[in-house]
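Only one structure is covered here, and it is reproduced in the block below.
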Amino acid sequence: MFWRYGARDFRDIGHKAIFVANSYRTLVTIGWRHAEPILRSLTYAIVDHGREANPSTSDHAADRPGRDNLRRLTRIRADWHRGRTTREAVTGCWRLCEPPTPAMRPRRL
């Protein structure tokens, strides 16, 4: 549940998602018996929406990417992880990540 809610909100430039990931890593390392204070703090961070109205009843810019991503999830095939790695697939993904101008591209890979 924390993964979904941490990633839906882009207030604080994505730090809520980072907080979720780091909380999980920490608990895996130190043990889940220490979870209560960490998860309590994480919950308060996730539900904090500053002085804006409740995100569930409003349309704030910080909440739109999360809503858009939920809609995008419905377009992903259920068997997406069963694909084959091919040269065409890898180069196609690389083209999507390639910077738009030559000046922004790395000199070496």
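Labeling convention for the structure tokens: chains A, B, ... as they appear, residues from 1 per chain, ligands from 1 in order of appearance.
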Show me, as a Markdown table, the residues of range 1-21 of chain A having an atom within 12 Å of range 67-78 of chain A, each with the closest atom pair and its distance in Å, using only C-alpha atoms.
```
| residue | atom | partner | partner_atom | distance |
| --- | --- | --- | --- | --- |
| A:Arg4 | CA | A:Leu70 | CA | 9.5 |
| A:Tyr5 | CA | A:Arg67 | CA | 10.9 |
| A:Ala7 | CA | A:Asn69 | CA | 9.5 |
| A:Arg8 | CA | A:Arg67 | CA | 7.0 |
| A:Asp9 | CA | A:Arg67 | CA | 9.1 |
| A:Phe10 | CA | A:Arg67 | CA | 10.9 |
```
- Using the chain letters and numbers from this document, which residues of range 7-108 of chain A does DSSP assign to helix (DSSP H, G or I), as a ChimeraX atom specification? /A:7,11-30,32-47,55-57,64-73,80-82,87-97,102-104
Selection file, C-alpha atoms, as a JSON list (two decimals), in the first residue's frame:
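File produced: out29.json:
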```
[["chain", "number", "residue", "atom", "x", "y", "z"],
["A", 7, "ALA", "CA", 4.46, 7.27, -5.76],
["A", 11, "ARG", "CA", 4.75, 17.26, -3.71],
["A", 12, "ASP", "CA", 8.24, 17.60, -2.30],
["A", 13, "ILE", "CA", 9.65, 16.64, -5.74],
["A", 14, "GLY", "CA", 9.16, 12.91, -5.29],
["A", 15, "HIS", "CA", 10.66, 12.57, -1.84],
["A", 16, "LYS", "CA", 7.62, 10.64, -0.60],
["A", 17, "ALA", "CA", 8.48, 7.79, -2.96],
["A", 18, "ILE", "CA", 12.10, 7.99, -1.81],
["A", 19, "PHE", "CA", 10.92, 7.88, 1.83],
["A", 20, "VAL", "CA", 8.92, 4.71, 1.08],
["A", 21, "ALA", "CA", 11.89, 3.00, -0.58],
["A", 22, "ASN", "CA", 14.34, 3.99, 2.14],
["A", 23, "SER", "CA", 11.92, 2.94, 4.90],
["A", 24, "TYR", "CA", 11.61, -0.49, 3.33],
["A", 25, "ARG", "CA", 15.39, -0.85, 2.94],
["A", 26, "THR", "CA", 15.95, 0.24, 6.51],
["A", 27, "LEU", "CA", 13.39, -2.19, 7.91],
["A", 28, "VAL", "CA", 14.81, -5.06, 5.89],
["A", 29, "THR", "CA", 18.20, -4.24, 7.39],
["A", 30, "ILE", "CA", 17.31, -3.54, 11.03],
["A", 32, "TRP", "CA", 10.54, -5.34, 11.09],
["A", 33, "ARG", "CA", 10.25, -5.29, 14.90],
["A", 34, "HIS", "CA", 11.24, -1.60, 14.58],
["A", 35, "ALA", "CA", 8.52, -0.84, 12.03],
["A", 36, "GLU", "CA", 6.00, 1.06, 14.14],
["A", 37, "PRO", "CA", 7.74, 4.45, 14.46],
["A", 38, "ILE", "CA", 9.06, 4.31, 10.90],
["A", 39, "LEU", "CA", 5.69, 3.45, 9.37],
["A", 40, "ARG", "CA", 3.93, 6.01, 11.55],
["A", 41, "SER", "CA", 6.26, 8.74, 10.29],
["A", 42, "LEU", "CA", 5.91, 7.49, 6.73],
["A", 43, "THR", "CA", 2.11, 7.54, 6.98],
["A", 44, "TYR", "CA", 2.09, 11.12, 8.23],
["A", 45, "ALA", "CA", 4.40, 12.15, 5.39],
["A", 46, "ILE", "CA", 2.25, 10.48, 2.76],
["A", 47, "VAL", "CA", -1.03, 11.99, 3.94],
["A", 55, "PRO", "CA", -6.31, 15.54, -2.93],
["A", 56, "SER", "CA", -9.14, 13.00, -3.13],
["A", 57, "THR", "CA", -11.62, 15.81, -3.72],
["A", 64, "ARG", "CA", -2.05, 14.55, -11.66],
["A", 65, "PRO", "CA", 1.03, 12.44, -12.54],
["A", 66, "GLY", "CA", -0.07, 9.75, -10.09],
["A", 67, "ARG", "CA", -3.59, 9.69, -11.52],
["A", 68, "ASP", "CA", -2.23, 9.62, -15.07],
["A", 69, "ASN", "CA", 0.07, 6.72, -14.20],
["A", 70, "LEU", "CA", -2.85, 4.71, -12.77],
["A", 71, "ARG", "CA", -4.64, 5.11, -16.10],
["A", 72, "ARG", "CA", -1.49, 4.07, -17.95],
["A", 73, "LEU", "CA", -1.30, 0.87, -15.90],
["A", 80, "TRP", "CA", 4.59, -7.85, -20.00],
["A", 81, "HIS", "CA", 7.38, -9.47, -17.98],
["A", 82, "ARG", "CA", 7.39, -12.62, -20.12],
["A", 87, "ARG", "CA", 18.15, -6.10, -30.18],
["A", 88, "GLU", "CA", 15.15, -4.19, -31.55],
["A", 89, "ALA", "CA", 13.54, -3.92, -28.11],
["A", 90, "VAL", "CA", 16.73, -2.69, -26.48],
["A", 91, "THR", "CA", 17.48, -0.11, -29.17],
["A", 92, "GLY", "CA", 13.85, 1.02, -29.12],
["A", 93, "CYS", "CA", 14.03, 1.62, -25.37],
["A", 94, "TRP", "CA", 17.35, 3.39, -25.79],
["A", 95, "ARG", "CA", 15.84, 5.75, -28.36],
["A", 96, "LEU", "CA", 13.10, 6.65, -25.87],
["A", 97, "CYS", "CA", 15.74, 7.59, -23.29],
["A", 102, "PRO", "CA", 23.42, 16.07, -29.64],
["A", 103, "ALA", "CA", 24.79, 18.53, -27.07],
["A", 104, "MET", "CA", 22.92, 16.71, -24.30]]
```
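Of note, CA of Phe2 in chain A and CA of Asp79 in chain A are spaced 24.2 Å apart.
For the pair CA of Gly83 in chain A and CA of Met1 in chain A, the separation is 27.1 Å.
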